[in-house]
$ cat run_2.txt   # compact mmCIF, C-alpha atoms
# COMPACT_ATOMS: atom_id res chain seq x y z
CA MET A 44 67.47 142.12 50.93
CA PHE A 45 64.90 144.90 51.37
CA GLU A 46 66.49 148.01 52.84
CA ASN A 47 64.52 151.12 53.70
CA ASN A 48 63.64 153.53 56.48
CA GLY A 49 66.26 152.29 58.94
CA CYS A 50 65.21 148.67 58.41
CA ARG A 51 66.80 145.70 56.70
CA VAL A 52 64.82 142.55 55.92
CA MET A 53 67.08 139.71 54.78
CA LEU A 54 66.26 136.22 53.50
CA PHE A 55 68.51 133.18 53.94
CA GLU A 56 66.75 130.40 52.11
CA ASN A 57 67.55 126.97 53.50
CA LYS A 58 65.48 123.91 52.60
CA LYS A 59 67.70 121.51 54.51
CA PHE A 60 65.39 121.72 57.51
CA LYS A 61 61.67 121.50 58.13
CA THR A 62 61.77 124.56 60.36
CA ASN A 63 61.88 128.33 59.94
CA SER A 64 63.42 131.06 62.06
CA ILE A 65 62.55 134.76 62.21
CA SER A 66 64.51 137.30 64.24
CA ILE A 67 63.90 141.00 64.73
CA SER A 68 66.93 142.79 66.17
CA MET A 69 67.37 146.41 67.17
CA VAL A 70 70.92 147.68 66.77
CA SER A 71 71.90 150.58 69.01
CA GLU A 72 75.10 152.29 70.06
CA LEU A 73 76.29 150.77 73.34
CA GLN A 74 76.03 153.61 75.85
CA LYS A 75 75.89 153.76 79.64
CA GLU A 76 72.83 156.00 79.45
CA THR A 77 70.75 153.51 77.46
CA ALA A 78 72.20 150.00 77.89
CA THR A 79 70.18 149.25 81.03
CA GLN A 80 66.99 150.66 79.54
CA ASN A 81 67.32 148.55 76.39
CA ALA A 82 67.92 145.35 78.36
CA LEU A 83 64.96 145.99 80.66
CA LEU A 84 62.72 147.13 77.81
CA LEU A 85 63.18 143.83 76.00
CA GLU A 86 61.86 141.83 78.96
CA VAL A 87 58.95 144.19 79.65
CA LEU A 88 57.86 143.99 75.99
CA GLY A 89 57.88 140.21 76.21
CA ARG A 90 55.26 140.28 79.00
CA GLY A 91 52.35 141.31 76.80
CA CYS A 92 51.06 143.35 73.88
CA GLU A 93 47.76 144.74 72.55
CA LEU A 94 46.85 141.47 70.84
CA PHE A 95 48.07 139.15 73.62
CA SER A 96 47.96 141.07 76.87
CA THR A 97 49.91 138.64 79.08
CA SER A 98 52.79 136.21 78.74
CA LYS A 99 50.27 133.41 79.28
CA GLU A 100 48.28 134.51 76.23
CA ILE A 101 51.49 134.71 74.22
CA SER A 102 52.37 131.17 75.31
CA VAL A 103 48.93 129.91 74.23
CA GLU A 104 49.40 131.46 70.79
CA LEU A 105 52.84 129.90 70.46
CA GLU A 106 51.46 126.51 71.44
CA GLU A 107 48.72 126.83 68.83
CA CYS A 108 51.45 127.57 66.29
CA PHE A 109 52.68 123.99 66.73
CA GLY A 110 54.89 124.73 69.71
CA ALA A 111 56.76 127.69 68.26
CA ASN A 112 59.53 129.03 70.52
CA LEU A 113 59.83 132.77 71.15
CA ALA A 114 63.06 133.98 72.78
CA SER A 115 64.52 137.33 73.72
CA ASN A 116 68.21 138.12 73.52
CA VAL A 117 70.54 141.02 74.28
CA ASP A 118 74.18 140.95 73.16
CA LYS A 119 77.24 143.13 72.77
CA HIS A 120 78.78 143.21 69.30
CA GLY A 121 81.74 145.53 69.52
CA ASP A 122 80.41 149.00 70.33
CA LYS A 123 76.85 147.98 69.42
CA GLN A 124 74.12 146.67 71.68
CA VAL A 125 71.88 144.25 69.81
CA PHE A 126 68.58 143.25 71.37
CA GLY A 127 65.37 141.71 70.11
CA PHE A 128 63.28 138.59 69.66
CA SER A 129 63.51 135.43 67.59
CA VAL A 130 61.01 132.68 66.90
CA SER A 131 61.57 129.13 65.62
CA TYR A 132 58.75 126.96 64.32
CA PRO A 133 57.79 124.21 61.84
CA ALA A 134 57.65 125.43 58.25
CA ASP A 135 54.11 125.99 56.96
CA GLU A 136 54.25 123.31 54.29
CA PHE A 137 54.84 120.57 56.86
CA VAL A 138 51.94 121.49 59.14
CA ASN A 139 49.51 122.52 56.42
CA ALA A 140 48.85 125.88 58.08
CA ASN A 141 49.91 129.50 57.58
CA ILE A 142 51.61 129.96 60.94
CA THR A 143 54.28 132.25 59.45
CA LYS A 144 51.73 135.05 59.15
CA ARG A 145 50.49 134.46 62.71
CA LEU A 146 53.99 134.59 64.12
CA MET A 147 54.88 137.68 62.08
CA THR A 148 51.84 139.37 63.59
CA LEU A 149 52.80 138.21 67.08
CA MET A 150 56.37 139.50 66.86
CA LEU A 151 55.40 142.86 65.40
CA ASN A 152 52.80 143.29 68.14
CA VAL A 153 55.16 142.30 70.94
CA ILE A 154 57.79 144.81 69.85
CA PHE A 155 55.73 147.69 68.49
CA LYS A 156 52.32 147.48 70.20
CA PRO A 157 52.98 146.85 73.89
CA ASN A 158 50.35 146.34 76.57
CA LEU A 159 49.90 149.76 78.18
CA ARG A 160 47.92 151.12 81.11
CA GLU A 161 47.31 154.85 81.39
CA GLY A 162 50.01 155.52 78.81
CA LEU A 163 52.75 153.48 80.52
CA PHE A 164 53.89 149.88 80.68
CA VAL A 165 51.94 147.68 83.08
CA GLU A 166 53.43 148.59 86.47
CA ASP A 167 53.54 145.01 87.75
CA PHE A 168 55.39 143.88 84.62
CA PHE A 169 57.86 146.75 84.97
CA ASN A 170 58.60 146.05 88.65
CA GLN A 171 58.92 142.29 88.19
CA GLU A 172 61.28 142.56 85.22
CA LYS A 173 63.32 145.25 86.96
CA GLU A 174 63.89 142.85 89.86
CA ASN A 175 64.71 140.00 87.46
CA LEU A 176 67.29 142.15 85.67
CA ARG A 177 68.81 143.23 89.00
CA GLN A 178 69.31 139.59 89.95
CA GLU A 179 70.76 138.77 86.52
CA ILE A 180 73.32 141.60 86.73
CA GLU A 181 74.28 140.65 90.28
CA GLY A 182 74.59 137.02 89.20
CA LEU A 183 77.27 137.86 86.63
CA LYS A 184 79.85 137.64 89.41
CA ASP A 185 78.93 134.03 90.16
CA ASP A 186 80.72 132.63 87.12
CA LYS A 187 84.27 133.73 87.89
CA LYS A 188 85.58 132.65 84.47
CA ASP A 189 83.16 134.93 82.62
CA TYR A 190 83.49 137.67 85.20
CA ALA A 191 87.28 137.68 84.84
CA HIS A 192 86.79 138.32 81.12
CA ASP A 193 84.41 141.18 81.90
CA ARG A 194 87.02 142.69 84.19
CA LEU A 195 89.67 142.36 81.47
CA LEU A 196 87.40 144.29 79.10
CA ASN A 197 86.85 146.95 81.76
CA CYS A 198 90.63 147.43 82.00
CA MET A 199 91.50 147.08 78.32
CA PHE A 200 88.71 149.33 77.06
CA GLU A 201 88.33 151.72 79.99
CA GLY A 202 86.22 154.72 79.00
CA GLU A 203 85.08 153.06 75.76
CA PRO A 204 81.63 151.60 74.97
CA TYR A 205 83.06 148.08 74.72
CA SER A 206 83.87 148.10 78.44
CA LEU A 207 80.16 148.31 79.27
CA CYS A 208 77.98 145.32 80.10
CA GLU A 209 75.21 144.64 77.60
CA LEU A 210 72.77 144.18 80.51
CA GLY A 211 73.52 147.63 81.88
CA ASP A 212 74.45 148.49 85.47
CA LEU A 213 72.78 148.40 88.88
CA ASP A 214 73.06 152.13 89.61
CA THR A 215 71.17 153.06 86.46
CA LEU A 216 68.63 150.29 87.03
CA GLU A 217 67.90 151.41 90.59
CA LYS A 218 66.97 154.93 89.45
CA LEU A 219 64.96 153.84 86.41
CA THR A 220 61.20 154.50 86.53
CA ASN A 221 58.36 153.24 84.38
CA GLN A 222 58.00 156.77 82.97
CA ASP A 223 61.71 156.83 82.06
CA LEU A 224 61.47 153.47 80.29
CA TYR A 225 58.38 154.34 78.26
CA ARG A 226 59.87 157.70 77.26
CA HIS A 227 63.01 155.90 76.11
CA TYR A 228 60.94 153.34 74.19
CA LYS A 229 59.06 156.02 72.24
CA GLN A 230 62.32 157.76 71.34
CA LEU A 231 63.94 154.45 70.39
CA LEU A 232 61.25 153.67 67.83
CA LYS A 233 62.02 156.92 66.04
CA SER A 234 65.70 156.23 65.52
CA VAL A 235 66.81 152.64 66.11
CA GLN A 236 68.16 150.56 63.24
CA ILE A 237 66.27 147.30 62.77
CA VAL A 238 67.42 144.05 61.16
CA VAL A 239 64.97 141.25 60.32
CA LEU A 240 66.41 137.87 59.37
CA LEU A 241 64.28 135.10 57.88
CA SER A 242 65.96 131.72 57.63
CA GLY A 243 64.45 128.57 56.16
CA ARG A 244 61.65 128.02 53.69
CA PHE A 245 60.51 131.50 52.74
CA SER A 246 59.57 133.15 49.47
CA ASN A 247 60.59 136.63 48.37
CA LYS A 248 56.90 137.53 48.63
CA ILE A 249 56.99 136.87 52.39
CA VAL A 250 60.12 138.99 52.75
CA GLU A 251 58.49 141.85 50.90
CA GLU A 252 55.32 141.53 52.97
CA PHE A 253 57.31 141.63 56.21
CA SER A 254 59.14 144.73 55.00
CA VAL A 255 55.90 146.53 54.13
CA ASN A 256 54.26 145.60 57.45
CA LEU A 257 57.29 146.77 59.38
CA ASN A 258 57.41 150.13 57.64
CA ASP A 259 53.68 150.65 58.10
CA ILE A 260 53.76 149.94 61.82
CA LEU A 261 56.79 152.15 62.48
CA GLU A 262 55.40 155.28 60.83
CA ARG A 263 58.76 157.02 60.57
CA ASP A 264 61.14 158.33 57.93
CA ILE A 265 64.85 157.87 58.73
CA GLU A 266 67.99 156.84 56.89
CA THR A 267 69.25 153.27 56.89
CA GLN A 268 72.64 153.68 58.55
CA ASP A 269 75.91 151.84 58.16
CA LEU A 270 76.06 149.20 60.89
CA GLY A 271 79.68 148.21 60.31
CA LYS A 272 81.67 151.13 61.66
CA LEU A 273 84.51 149.33 63.43
CA ALA A 274 87.69 150.75 64.94
CA LEU A 275 90.92 149.00 65.86
CA LYS A 276 92.40 149.06 69.34
CA THR A 277 95.74 150.88 69.41
CA PRO A 278 98.77 148.89 70.67
CA ARG A 279 100.50 150.07 73.87
CA GLU A 280 102.93 148.94 76.53
CA ILE A 281 101.53 145.99 78.51
CA PHE A 282 99.27 147.06 81.38
CA GLU A 283 98.76 144.57 84.22
CA LYS A 284 96.03 144.48 86.84
CA THR A 285 95.42 141.98 89.66
CA GLU A 286 92.19 141.82 91.67
CA GLU A 287 91.27 139.72 94.70
CA PHE A 288 88.12 137.63 94.87
CA ASP A 289 86.91 134.62 96.82
CA VAL A 290 88.53 132.08 94.47
CA THR A 291 90.87 129.12 94.83
CA GLN A 292 91.75 128.94 91.10
CA GLY A 293 93.41 131.89 89.42
CA LYS A 294 91.92 133.34 86.23
CA LEU A 295 94.58 134.70 83.88
CA GLU A 296 93.39 136.76 80.90
CA ILE A 297 95.56 138.47 78.29
CA GLY A 298 94.18 140.85 75.69
CA PHE A 299 96.07 141.40 72.43
CA THR A 300 95.75 143.92 69.62
CA THR A 301 95.85 142.41 66.11
CA GLU A 302 95.64 145.46 63.80
CA THR A 303 93.23 143.39 61.69
CA LEU A 304 89.52 143.92 61.07
CA PRO A 305 87.21 141.28 59.51
CA SER A 306 86.91 143.28 56.29
CA SER A 307 90.70 143.04 55.82
CA PRO A 308 92.36 140.40 53.58
CA ASP A 309 94.43 139.55 56.67
CA PHE A 310 91.41 138.38 58.65
CA ILE A 311 91.39 134.79 57.34
CA PRO A 312 95.10 134.32 58.16
CA LEU A 313 94.33 135.76 61.61
CA VAL A 314 91.63 133.13 62.15
CA VAL A 315 94.16 130.41 61.37
CA THR A 316 96.74 132.11 63.60
CA ASN A 317 94.34 132.02 66.52
CA ALA A 318 93.59 128.33 65.93
CA ILE A 319 97.30 127.48 65.98
CA PHE A 320 97.92 129.62 69.07
CA GLY A 321 95.02 128.54 71.28
CA GLY A 322 91.90 127.73 69.29
CA GLY A 323 91.56 124.01 69.86
CA MET A 324 93.05 120.76 71.11
CA GLN A 325 95.74 120.93 68.42
CA SER A 326 96.88 124.40 69.54
CA LYS A 327 100.04 125.40 71.33
CA LEU A 328 98.22 126.63 74.42
CA PHE A 329 96.46 123.30 74.84
CA THR A 330 99.36 121.00 74.04
CA VAL A 331 102.12 122.97 75.78
CA VAL A 332 100.61 125.08 78.58
CA ARG A 333 97.91 122.61 79.59
CA GLU A 334 99.20 119.16 78.64
CA GLN A 335 103.02 119.23 78.60
CA GLU A 336 103.64 121.74 81.42
CA SER A 337 100.41 121.10 83.37
CA LEU A 338 100.21 124.79 84.19
CA ALA A 339 96.53 125.30 83.43
CA TYR A 340 93.16 123.63 83.92
CA TYR A 341 92.17 125.25 80.63
CA ALA A 342 94.15 127.38 78.18
CA VAL A 343 92.49 128.74 75.06
CA SER A 344 92.42 131.79 72.82
CA ALA A 345 89.70 133.52 70.81
CA ILE A 346 89.24 136.45 68.44
CA ASP A 347 86.70 139.21 68.87
CA LYS A 348 86.40 140.33 65.28
CA PHE A 349 84.17 143.28 66.17
CA LYS A 350 87.10 144.96 67.92
CA GLY A 351 90.05 143.42 66.09
CA VAL A 352 91.43 141.91 69.30
CA MET A 353 92.44 138.47 70.52
CA PHE A 354 92.22 137.04 74.03
CA ALA A 355 94.03 134.22 75.82
CA TYR A 356 92.35 132.62 78.84
CA ALA A 357 93.78 130.25 81.43
CA GLY A 358 92.60 128.79 84.72
CA ILE A 359 95.69 128.21 86.85
CA ASP A 360 96.94 127.49 90.34
CA LEU A 361 97.41 130.81 92.09
CA GLN A 362 101.18 130.50 92.51
CA HIS A 363 101.77 129.86 88.78
CA LYS A 364 100.67 133.24 87.42
CA GLN A 365 104.03 134.54 86.23
CA LYS A 366 105.21 131.23 84.80
CA ALA A 367 101.92 130.69 82.95
CA GLN A 368 101.93 134.23 81.60
CA GLU A 369 105.47 133.89 80.27
CA LEU A 370 104.69 130.51 78.71
CA ILE A 371 101.54 131.80 77.00
CA LEU A 372 103.41 134.74 75.51
CA SER A 373 106.26 132.47 74.42
CA GLN A 374 103.79 130.33 72.44
CA LEU A 375 102.67 133.41 70.54
CA SER A 376 106.30 134.25 69.85
CA LYS A 377 106.78 130.78 68.37
CA VAL A 378 103.90 131.35 65.96
CA GLN A 379 105.36 134.73 65.04
CA ASN A 380 108.75 133.10 64.38
CA GLY A 381 107.23 130.44 62.14
CA GLU A 382 107.75 127.58 64.62
CA ILE A 383 104.60 125.81 63.42
CA SER A 384 104.54 122.08 62.79
CA ASP A 385 102.79 120.57 59.79
CA PHE A 386 100.33 118.93 62.17
CA GLU A 387 99.51 122.18 63.98
CA PHE A 388 98.95 123.94 60.67
CA SER A 389 96.85 121.31 58.93
CA ALA A 390 94.86 120.32 62.04
CA SER A 391 94.09 123.96 62.81
CA LYS A 392 92.75 124.60 59.32
CA LYS A 393 90.72 121.40 59.45
CA SER A 394 89.25 122.38 62.82
CA ILE A 395 88.11 125.77 61.52
CA ILE A 396 86.64 124.26 58.36
CA ASN A 397 84.73 121.67 60.37
CA SER A 398 83.34 124.40 62.62
CA LEU A 399 82.22 126.45 59.62
CA ARG A 400 80.55 123.46 58.00
CA ALA A 401 78.75 122.72 61.27
CA LEU A 402 77.04 126.11 61.00
CA GLY A 403 74.94 124.63 58.22
CA ASP A 404 73.52 122.12 60.68
CA SER A 405 71.61 124.80 62.56
CA LEU A 406 69.35 127.53 61.17
CA LEU A 407 70.09 129.76 64.15
CA ALA A 408 73.87 129.31 63.87
CA GLU A 409 73.81 130.09 60.16
CA GLN A 410 71.57 133.09 60.80
CA SER A 411 73.94 134.37 63.48
CA PHE A 412 76.92 134.00 61.15
CA TYR A 413 75.39 136.16 58.43
CA PHE A 414 74.12 138.73 60.92
CA ASN A 415 77.69 139.09 62.20
CA GLN A 416 78.92 139.40 58.63
CA LEU A 417 76.51 142.30 58.16
CA LEU A 418 77.79 144.06 61.28
CA THR A 419 81.43 143.62 60.25
CA LYS A 420 81.05 144.46 56.55
CA SER A 421 82.40 141.07 55.58
CA LYS A 422 80.98 139.79 52.30
CA LEU A 423 82.31 136.24 52.55
CA SER A 424 79.86 133.36 52.64
CA ILE A 425 80.53 130.24 54.68
CA GLU A 426 81.73 128.36 51.60
CA GLU A 427 83.97 131.25 50.54
CA MET A 428 85.58 131.33 53.98
CA ILE A 429 86.19 127.58 53.80
CA SER A 430 87.78 127.98 50.38
CA GLU A 431 90.10 130.79 51.55
CA ILE A 432 91.14 128.92 54.70
CA SER A 433 92.00 125.88 52.59
CA GLU A 434 94.42 127.97 50.53
CA ILE A 435 96.19 129.76 53.41
CA LYS A 436 99.97 129.37 53.57
CA ILE A 437 102.12 129.35 56.70
CA GLU A 438 103.92 132.47 55.46
CA GLU A 439 100.63 134.41 55.59
CA VAL A 440 99.99 133.24 59.15
CA VAL A 441 103.46 134.33 60.28
CA ARG A 442 103.08 137.74 58.64
CA VAL A 443 99.75 138.42 60.35
CA ALA A 444 100.89 136.93 63.68
CA LYS A 445 103.77 139.41 63.85
CA LYS A 446 101.23 142.24 64.13
CA ILE A 447 99.74 140.76 67.32
CA LYS A 448 100.89 142.51 70.52
CA PRO A 449 99.95 141.96 74.18
CA HIS A 450 97.98 144.93 75.51
CA THR A 451 96.45 144.10 78.91
CA VAL A 452 97.01 141.32 81.44
CA TYR A 453 94.32 140.68 84.04
CA PHE A 454 94.66 138.24 86.93
CA MET A 455 91.91 137.24 89.33
CA THR A 456 93.49 135.85 92.51
CA GLU A 457 92.48 134.86 96.03
CA LYS A 458 91.57 137.31 98.74
CA THR A 459 94.43 138.10 101.09
CA GLY A 460 94.50 135.61 103.92
CA VAL A 461 92.73 132.81 102.02
CA ALA A 462 94.81 129.65 102.20
CA LEU A 463 96.05 128.03 99.01

$ encode --input "run_2.txt" --output "structure tokens"
Amino acid sequence: MFENNGCRVMLFENKKFKTNSISISMVSELQKETATQNALLLEVLGRGCELFSTSKEISVELEECFGANLASNVDKHGDKQVFGFSVSYPADEFVNANITKRLMTLMLNVIFKPNLREGLFVEDFFNQEKENLRQEIEGLKDDKKDYAHDRLLNCMFEGEPYSLCELGDLDTLEKLTNQDLYRHYKQLLKSVQIVVLLSGRFSNKIVEEFSVNLNDILERDIETQDLGKLALKTPREIFEKTEEFDVTQGKLEIGFTTETLPSSPDFIPLVVTNAIFGGGMQSKLFTVVREQESLAYYAVSAIDKFKGVMFAYAGIDLQHKQKAQELILSQLSKVQNGEISDFEFSASKKSIINSLRALGDSLLAEQSFYFNQLLTKSKLSIEEMISEISEIKIEEVVRVAKKIKPHTVYFMTEKTGVAL
């Protein structure tokens, strides 16, 4: 890894595939003042640069690079907003051409040398992408399952960065001008932390060259900051909130504190705990809440390691809220009391191991895994995680499970007057 001037360039050599992947991500604190600007900026940058002034010209260049695929992405990782571009393409040795250098040039131009007119972004690009982002934010309400989770986060992390949407908000977007966005962009380049990941068939020489080019184009001198500053959510008495929407199926979401961060030795037992509780078809939520009691259309759980929290999700008939909630919590209590069958334990570990091994079947999945490891200060490789999971004992699961406490219950129900 090359690390300098607020930039990290990391190589993950993988000769299993005939493709390469390059990603350039900017890592920023998730803040209401800047989240919308960062999300909009990403799309405006993708419309054109000095070298390729329109998206059509960019597409032509990608096609000439043997159909390379350039994608933009904005995500929330704990209290960080991560946004940038990635490109996937055939490795040079299989097409007998140096397309890596062409695509490096393209990406650096798209991000750091935008197409400008009179010192601002192209006005048409700005207005079009502003409208596109408005529609995307408004459309978040259309998927009630995802929107229920967003509302849980708003309640559970009220007043904290994690409650914010990574796409920003409509009020900020409405007031945003081209001048505001360009001013923000110039300030961002002076301070943002940048992570470049190269996965596939690369040499250390290419990594070094990318690092040098990146530093030259940035023309700045800043410290490379710690990206893994995570904080645990404090347990509290259960808070419950119910909201009415135009739905016929209730969405029940429960957020739990775990008192466990990914850098802790307890994290691997927590992963197994989640799998036993609700992380698969072998789990208690699936077999009891969904199958045996027929209380849910789906019932699963998941860990957000960036915040040290766990969530349980269930789609239920509206009249079954209280019964489903009690049954979900009782399944956690069973795990905490050591009521875990040999099948649940072994099948859960096998399921996790299979999922980890599957990461090696995709360059992008493997790349994402190691990027998340960087953000959470976890030094374990995929194989090391598999090894540790294989050795986990039930006693460790029970010990870690006892630290898990329900924090917030959110229920999305029908609007008053809507028939069941």

$ closest_residue --input "run_2.txt" --among "A:Ala390, A:Lys276, A:Leu270, A:Ser115" --to "Ser326 in chain A" --atoms "all atoms listed in the file"
A:Ala390

$ closest_atom_pairs --input "run_2.txt" --of "range 246-285 of chain A" --to "range 147-163 of chain A" --cutoff "9 Å" --atoms "only C-alpha atoms" --output "Markdown table"
| residue | atom | partner | partner_atom | distance |
| --- | --- | --- | --- | --- |
| A:Phe253 | CA | A:Met147 | CA | 7.5 |
| A:Asn256 | CA | A:Leu151 | CA | 8.5 |
| A:Leu257 | CA | A:Leu151 | CA | 7.4 |
| A:Ile260 | CA | A:Phe155 | CA | 7.3 |
| A:Leu261 | CA | A:Phe155 | CA | 7.6 |

$ residues_around --input "run_2.txt" --residues "range 80-88 of chain A" --least-positions-apart "3" --cutoff "9 Å" --atoms "all atoms listed in the file" --output "PyMOL selection string"
chain A and resi 71+76-77+91-92+115-117+124+126-128+153-158+164-165+168-169+171-173+176+209-211+215-216+219+223-225+227-228

$ residues_around --input "run_2.txt" --residues "Asp214 in chain A" --least-positions-apart "6" --cutoff "12 Å" --atoms "all atoms listed in the file" --output "list in words"
Lys75, Glu76, Ala78, Thr79, Gln80, Arg177, Ile180 and Glu181 of chain A

$ write_last_selection --input "run_2.txt" --atoms "C-alpha atoms" --output "PDB file, in the frame of the given file"
ATOM      1  CA  LYS A  75      75.890 153.760  79.640  1.00  0.00           C
ATOM      2  CA  GLU A  76      72.830 156.000  79.450  1.00  0.00           C
ATOM      3  CA  ALA A  78      72.200 150.000  77.890  1.00  0.00           C
ATOM      4  CA  THR A  79      70.180 149.250  81.030  1.00  0.00           C
ATOM      5  CA  GLN A  80      66.990 150.660  79.540  1.00  0.00           C
ATOM      6  CA  ARG A 177      68.810 143.230  89.000  1.00  0.00           C
ATOM      7  CA  ILE A 180      73.320 141.600  86.730  1.00  0.00           C
ATOM      8  CA  GLU A 181      74.280 140.650  90.280  1.00  0.00           C
TER       9      GLU A 181
END

$ atom_distance --input "run_2.txt" --atom1 "CA of Lys59 in chain A" --atom2 "CA of Asn139 in chain A"
18.3 Å

$ closest_residue --input "run_2.txt" --among "A:Lys272, A:Arg51, A:Lys422, A:Lys99" --to "Asp122 in chain A" --atoms "all atoms listed in the file"
A:Lys272

$ residues_around --input "run_2.txt" --residues "range 286-295 of chain A" --least-positions-apart "4" --cutoff "7 Å" --atoms "all atoms listed in the file" --output "PDB file with C-alpha atoms, in the coordinates of the input"
ATOM      1  CA  LYS A 188      85.580 132.650  84.470  1.00  0.00           C
ATOM      2  CA  ALA A 191      87.280 137.680  84.840  1.00  0.00           C
ATOM      3  CA  TYR A 356      92.350 132.620  78.840  1.00  0.00           C
ATOM      4  CA  ALA A 357      93.780 130.250  81.430  1.00  0.00           C
ATOM      5  CA  GLY A 358      92.600 128.790  84.720  1.00  0.00           C
ATOM      6  CA  ILE A 359      95.690 128.210  86.850  1.00  0.00           C
ATOM      7  CA  ASP A 360      96.940 127.490  90.340  1.00  0.00           C
ATOM      8  CA  LEU A 361      97.410 130.810  92.090  1.00  0.00           C
ATOM      9  CA  TYR A 453      94.320 140.680  84.040  1.00  0.00           C
ATOM     10  CA  PHE A 454      94.660 138.240  86.930  1.00  0.00           C
ATOM     11  CA  MET A 455      91.910 137.240  89.330  1.00  0.00           C
ATOM     12  CA  THR A 456      93.490 135.850  92.510  1.00  0.00           C
ATOM     13  CA  GLU A 457      92.480 134.860  96.030  1.00  0.00           C
ATOM     14  CA  LYS A 458      91.570 137.310  98.740  1.00  0.00           C
ATOM     15  CA  LEU A 463      96.050 128.030  99.010  1.00  0.00           C
TER      16      LEU A 463
END

$ closest_residue --input "run_2.txt" --among "A:Lys327, A:Arg400, A:Lys61, A:Lys350" --to "Ser373 in chain A" --atoms "only C-alpha atoms"
A:Lys327

$ residues_around --input "run_2.txt" --residues "Asn112 in chain A" --least-positions-apart "2" --cutoff "12 Å" --atoms "all atoms listed in the file" --output "PDB file with C-alpha atoms, in the frame of the given file"
ATOM      1  CA  THR A  62      61.770 124.560  60.360  1.00  0.00           C
ATOM      2  CA  ASN A  63      61.880 128.330  59.940  1.00  0.00           C
ATOM      3  CA  SER A  64      63.420 131.060  62.060  1.00  0.00           C
ATOM      4  CA  ILE A  65      62.550 134.760  62.210  1.00  0.00           C
ATOM      5  CA  SER A  66      64.510 137.300  64.240  1.00  0.00           C
ATOM      6  CA  ILE A 101      51.490 134.710  74.220  1.00  0.00           C
ATOM      7  CA  SER A 102      52.370 131.170  75.310  1.00  0.00           C
ATOM      8  CA  VAL A 103      48.930 129.910  74.230  1.00  0.00           C
ATOM      9  CA  GLU A 104      49.400 131.460  70.790  1.00  0.00           C
ATOM     10  CA  LEU A 105      52.840 129.900  70.460  1.00  0.00           C
ATOM     11  CA  GLU A 106      51.460 126.510  71.440  1.00  0.00           C
ATOM     12  CA  GLU A 107      48.720 126.830  68.830  1.00  0.00           C
ATOM     13  CA  CYS A 108      51.450 127.570  66.290  1.00  0.00           C
ATOM     14  CA  PHE A 109      52.680 123.990  66.730  1.00  0.00           C
ATOM     15  CA  GLY A 110      54.890 124.730  69.710  1.00  0.00           C
ATOM     16  CA  ALA A 114      63.060 133.980  72.780  1.00  0.00           C
ATOM     17  CA  SER A 115      64.520 137.330  73.720  1.00  0.00           C
ATOM     18  CA  PHE A 128      63.280 138.590  69.660  1.00  0.00           C
ATOM     19  CA  SER A 129      63.510 135.430  67.590  1.00  0.00           C
ATOM     20  CA  VAL A 130      61.010 132.680  66.900  1.00  0.00           C
ATOM     21  CA  SER A 131      61.570 129.130  65.620  1.00  0.00           C
ATOM     22  CA  TYR A 132      58.750 126.960  64.320  1.00  0.00           C
ATOM     23  CA  PRO A 133      57.790 124.210  61.840  1.00  0.00           C
ATOM     24  CA  LEU A 146      53.990 134.590  64.120  1.00  0.00           C
ATOM     25  CA  LEU A 149      52.800 138.210  67.080  1.00  0.00           C
ATOM     26  CA  MET A 150      56.370 139.500  66.860  1.00  0.00           C
TER      27      MET A 150
END

$ closest_residue --input "run_2.txt" --among "A:Ile425, A:Ile395, A:Ala274, A:Val378" --to "Glu439 in chain A" --atoms "all atoms listed in the file"
A:Val378

$ atom_distance --input "run_2.txt" --atom1 "CA of Glu46 in chain A" --atom2 "CA of Ser254 in chain A"
8.3 Å

$ closest_residue --input "run_2.txt" --among "A:Ile396, A:Glu438, A:Lys123, A:Gln325" --to "Asp309 in chain A" --atoms "all atoms listed in the file"
A:Glu438

$ atom_distance --input "run_2.txt" --atom1 "CA of Ile237 in chain A" --atom2 "CA of Val70 in chain A"
6.1 Å
